[in-house]
Each structure stands twice: as C-alpha cells, then as structure tokens.
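Trainee: mmCIF, C-alpha atoms, file coords30.cif:
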data_target
loop_
_atom_site.label_atom_id
_atom_site.label_comp_id
_atom_site.auth_asym_id
_atom_site.auth_seq_id
_atom_site.Cartn_x
_atom_site.Cartn_y
_atom_site.Cartn_z
CA MET A 878 -4.55 -17.84 -23.62
CA LYS A 879 -1.10 -18.58 -25.06
CA LYS A 880 -2.39 -17.64 -28.51
CA ILE A 881 -3.72 -14.32 -27.18
CA LEU A 882 -0.42 -13.48 -25.50
CA LEU A 883 1.48 -14.44 -28.64
CA ALA A 884 -0.82 -12.22 -30.74
CA LEU A 885 -0.29 -9.28 -28.34
CA PHE A 886 3.48 -9.82 -28.47
CA VAL A 887 3.49 -9.91 -32.29
CA LEU A 888 1.31 -6.76 -32.36
CA GLY A 889 3.74 -5.00 -30.00
CA VAL A 890 6.84 -5.96 -31.99
CA THR A 891 5.17 -4.95 -35.25
CA ALA A 892 4.06 -1.59 -33.88
CA CYS A 893 7.50 -0.89 -32.38
CA SER A 894 9.19 -1.54 -35.70
CA SER A 895 6.62 0.29 -37.83
CA PHE A 896 6.08 3.60 -36.06
CA ALA A 897 8.90 6.13 -36.06
CA GLN A 898 9.17 7.79 -32.69
CA THR A 899 10.34 11.26 -31.79
CA LYS A 900 10.60 12.99 -28.43
CA SER A 901 8.14 15.79 -29.24
CA SER A 902 5.09 16.04 -26.99
CA ASP A 903 2.91 15.97 -30.12
CA ALA A 904 4.60 12.94 -31.67
CA ALA A 905 3.03 9.53 -32.16
CA LYS A 906 3.49 7.33 -29.09
CA PHE A 907 3.38 3.60 -28.56
CA SER A 908 3.11 2.36 -24.96
CA ILE A 909 2.94 -0.88 -23.06
CA GLY A 910 1.38 -1.09 -19.62
CA VAL A 911 0.08 -3.14 -16.74
CA ASP A 912 -3.57 -2.67 -15.75
CA PRO A 913 -4.66 -3.66 -12.23
CA GLY A 914 -8.31 -3.03 -11.34
CA LEU A 915 -10.98 -3.31 -8.68
CA PRO A 916 -14.38 -4.67 -9.79
CA ILE A 917 -17.29 -2.43 -8.78
CA GLY A 918 -21.06 -2.76 -8.89
CA ASP A 919 -22.45 -6.25 -9.51
CA ALA A 920 -19.01 -7.45 -10.66
CA SER A 921 -17.67 -7.00 -7.13
CA ASN A 922 -20.00 -9.80 -5.96
CA ALA A 923 -18.17 -12.36 -8.10
CA TYR A 924 -14.65 -10.99 -8.61
CA SER A 925 -12.03 -9.87 -6.09
CA PHE A 926 -9.72 -7.99 -8.49
CA ALA A 927 -8.65 -7.72 -12.12
CA ILE A 928 -5.19 -7.77 -13.67
CA GLY A 929 -4.10 -7.32 -17.23
CA GLY A 930 -1.74 -5.79 -19.74
CA SER A 931 -2.27 -3.43 -22.64
CA LEU A 932 -0.67 -1.98 -25.74
CA LYS A 933 -1.67 1.52 -26.85
CA TYR A 934 -0.85 3.69 -29.85
CA ASP A 935 -1.47 7.46 -29.65
CA MET A 936 -1.52 9.35 -32.95
CA PRO A 937 -1.58 13.19 -32.90
CA ILE A 938 -4.55 14.81 -34.64
CA GLY A 939 -4.16 18.33 -33.26
CA THR A 940 -2.20 20.28 -30.69
CA GLY A 941 -2.39 18.25 -27.47
CA THR A 942 -5.03 15.94 -28.98
CA PHE A 943 -4.46 12.30 -29.87
CA PHE A 944 -6.51 9.52 -31.47
CA ASN A 945 -5.63 6.21 -29.82
CA LEU A 946 -6.05 2.49 -30.31
CA SER A 947 -5.55 -0.05 -27.54
CA ALA A 948 -5.57 -3.81 -27.19
CA GLY A 949 -4.97 -5.93 -24.15
CA TYR A 950 -5.87 -8.85 -21.97
CA THR A 951 -7.70 -8.67 -18.63
CA ALA A 952 -8.35 -11.50 -16.18
CA PHE A 953 -11.05 -11.07 -13.54
CA MET A 954 -10.10 -13.16 -10.50
CA THR A 955 -13.02 -15.06 -8.96
CA LYS A 956 -13.72 -14.71 -5.22
CA SER A 957 -12.63 -17.74 -3.18
CA ALA A 958 -16.20 -18.52 -1.99
CA LEU A 959 -17.29 -19.00 -5.62
CA LYS A 960 -14.22 -21.12 -6.42
CA GLN A 961 -15.23 -23.47 -3.61
CA LEU A 962 -18.59 -23.86 -5.38
CA GLY A 963 -16.84 -24.93 -8.58
CA ALA A 964 -16.31 -21.62 -10.41
CA LYS A 965 -13.13 -21.11 -12.42
CA SER A 966 -10.35 -19.15 -10.72
CA SER A 967 -10.42 -16.41 -13.39
CA TYR A 968 -12.28 -15.25 -16.48
CA GLY A 969 -10.41 -13.66 -19.38
CA PHE A 970 -11.29 -10.86 -21.76
CA VAL A 971 -9.58 -9.16 -24.71
CA PRO A 972 -10.65 -5.49 -24.84
CA LEU A 973 -10.07 -3.60 -28.12
CA LYS A 974 -10.81 0.13 -27.92
CA ALA A 975 -10.40 3.40 -29.83
CA GLY A 976 -10.65 6.87 -28.39
CA LEU A 977 -9.41 10.40 -27.89
CA LYS A 978 -6.87 11.78 -25.44
CA TYR A 979 -6.57 15.50 -24.71
CA TYR A 980 -3.71 17.11 -22.76
CA PHE A 981 -5.17 20.00 -20.73
CA THR A 982 -1.89 21.93 -20.46
CA GLY A 983 -0.12 20.65 -23.59
CA GLU A 984 1.78 18.09 -21.49
CA GLY A 985 1.26 16.29 -18.21
CA PHE A 986 -2.42 16.02 -17.25
CA TYR A 987 -4.86 14.54 -19.76
CA GLY A 988 -8.41 13.31 -20.11
CA GLU A 989 -9.30 10.32 -22.23
CA ALA A 990 -12.40 8.52 -23.48
CA GLN A 991 -12.48 5.20 -25.33
CA VAL A 992 -15.14 2.89 -26.77
CA GLY A 993 -14.86 -0.55 -28.30
CA ALA A 994 -15.50 -4.22 -27.63
CA ALA A 995 -14.42 -6.74 -25.02
CA PHE A 996 -14.20 -10.31 -26.27
CA SER A 997 -14.56 -13.10 -23.73
CA THR A 998 -11.96 -15.85 -23.95
CA GLU A 999 -14.44 -18.29 -22.39
CA SER A 1000 -16.51 -20.68 -24.50
CA GLY A 1001 -19.87 -19.03 -25.20
CA GLY A 1002 -18.78 -15.83 -23.41
CA GLY A 1003 -19.64 -13.49 -26.26
CA THR A 1004 -18.68 -9.90 -26.99
CA ALA A 1005 -19.54 -6.84 -24.92
CA PHE A 1006 -19.71 -3.13 -25.73
CA ALA A 1007 -16.88 -1.41 -23.84
CA TYR A 1008 -16.48 2.20 -22.73
CA ALA A 1009 -13.80 3.77 -20.57
CA PRO A 1010 -13.47 7.44 -19.54
CA GLY A 1011 -10.37 8.34 -17.54
CA ILE A 1012 -7.70 10.81 -16.51
CA GLY A 1013 -3.95 10.53 -16.26
CA TYR A 1014 -0.55 12.13 -16.15
CA THR A 1015 2.43 11.66 -18.45
CA VAL A 1016 5.81 12.06 -16.75
CA ASP A 1017 9.00 13.11 -18.54
CA GLY A 1018 10.96 10.03 -19.51
CA GLY A 1019 7.99 8.24 -21.07
CA PHE A 1020 6.12 7.04 -17.98
CA ASP A 1021 2.34 7.33 -17.84
CA ILE A 1022 -0.09 6.74 -15.00
CA GLY A 1023 -3.83 6.82 -15.51
CA VAL A 1024 -7.03 5.86 -13.74
CA ARG A 1025 -10.27 4.99 -15.52
CA TYR A 1026 -13.76 3.68 -15.05
CA GLU A 1027 -14.29 0.83 -17.50
CA ALA A 1028 -17.56 -0.98 -18.18
CA TRP A 1029 -18.45 -3.85 -20.49
CA THR A 1030 -22.12 -4.28 -21.29
CA HIS A 1031 -23.53 -7.62 -22.53
CA ASN A 1032 -26.49 -9.19 -20.71
CA GLY A 1033 -25.53 -7.12 -17.68
CA THR A 1034 -22.52 -4.97 -16.92
CA VAL A 1035 -19.05 -5.86 -15.70
CA SER A 1036 -17.28 -2.74 -14.46
CA GLN A 1037 -14.06 -1.79 -12.75
CA VAL A 1038 -11.95 1.12 -11.63
CA ALA A 1039 -8.57 0.43 -13.19
CA LEU A 1040 -5.09 1.88 -13.06
CA ARG A 1041 -2.73 1.91 -16.04
CA LEU A 1042 1.00 2.08 -15.40
CA ALA A 1043 2.73 2.37 -18.76
CA TYR A 1044 5.97 3.18 -20.51
CA SER A 1045 6.11 4.86 -23.93
CA LEU A 1046 8.54 3.32 -26.38
#
As structure tokens - that is how I would like this structure written.

Mentor:
Amino acid sequence: MKKILLALFVLGVTACSSFAQTKSSDAAKFSIGVDPGLPIGDASNAYSFAIGGSLKYDMPIGTGTFFNLSAGYTAFMTKSALKQLGAKSSYGFVPLKAGLKYYFTGEGFYGEAQVGAAFSTESGGGTAFAYAPGIGYTVDGGFDIGVRYEAWTHNGTVSQVALRLAYSL
C-alpha cells in the first residue's frame, strides 16, 4: 500500500508541475479529492463503507466538454461480523478510468461518465472492468462536489454510491 500511495503522490507532483493552469472555465484542470462511498447491492453484505482518494486531470476538447483521466485508491471496509470470522479489515483497489465530462450550463452543473479498470491490491484479486456515471457541481474557487454510481465487474460486481470532494489546482 505504501508503494501505491507513493506512486499516486509522484503522479500528483508530476502532473502539477507539467500542466499549465489558467482560470478559464475551459482550461485544463488537475484536481485532488477524497472519495467516501456506500457499498450497494451484493457488496453491502460484506462491506460497511468505502474510503479513498483520487487524482483527476480534465482536458478541454470542446466548449464545456472535457476528456478526463483519473487514478486513485479505494479501501472497502469489511463488516465487523465478517472480521470476527477471520476476514481482513479492508480490501484495497486502484481504479484507473478515462471519461467525458460535460457542463450543462457552461459552468457549475455537469454530467460525467467514465470507464476503465480497477486493480485489486490483494494477492490473486485480479482486475475488474470499471464504469462510473455521475453528476456534480463545480464551485468558484476550484472546489468540486460530485456523486456517482461506480461498479467493478469481475466474477460478480462490487458497486457503490460515492461522493467526490475535490479541489482543482
């Protein structure tokens, strides 16, 4: 896990130093956020909540339209009844996604859809197909709040409703 956090830190520092930022609403944006979530469906039987962090880069491709790339780390926290039976306290994943974000009014409210892969940090955990549609709102000053449905499919589905609280650098 330390290697993953170090890699995310290095990615963040590299992106901050490589991408020139402007204050225009159609400028490239780099953001860092915290991602709490509630497992739903079958995942809610095993996990009580999820917590993670993410880095995202939004690149303009048209008026109010952005192509984005995101990377992060998410830990699903095991329910206490399963921990008493010997399960680990949490299971980690590294989701890597690409997608499109569209601002409905030019600024403020947006819709977003991403696809990618979620890599398990557990031995033998494998890789899952990830998809995440969502909506959000960007506030003046660089703050962003979004909510999304996110699912990872690999021999079953792990899904959550997640919040992203982020700051654009």

Trainee: List the residues selected by the PyMOL selection byres ((chain A and resi 1024) around 12) in the file shown, writing them as number ranges by chain.

Mentor: A: 911-915, 986-990, 1009-1014, 1021-1023, 1025-1027, 1037-1043

Trainee: Pick from A:Gly918, A:Gly949, A:Gly985, A:Gly939: nearest to Gly1018 in chain A, with all atoms listed in the file counted?

Mentor: A:Gly985

Trainee: Point out the residue among A:Ala964, A:Ala975, A:Met954, A:Ala904 with the least atom-to-atom distance to Phe926 in chain A, counting all atoms listed in the file.

Mentor: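 Distance minimum relative to Phe926 in chain A lands on A:Met954.
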
Trainee: Using CA of Val1035 in chain A and CA of Phe970 in chain A as the two end points, give the distance in Å to one decimal.

Mentor: 11.0 Å

Trainee: Which one of A:His1031, A:Lys933, A:Lys956, A:Lys978 sits closest to Ala1007 in chain A if you count all atoms listed in the file?

Mentor: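 Of all the options, A:His1031 lies closest to Ala1007 in chain A.
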
Trainee: So, counting only C-alpha atoms, which residue among A:Tyr924, A:Phe996, A:Phe953, A:Tyr1044 is closest to Gly1019 in chain A?

Mentor: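 Using only C-alpha atoms, the shortest distance to Gly1019 in chain A belongs to A:Tyr1044.
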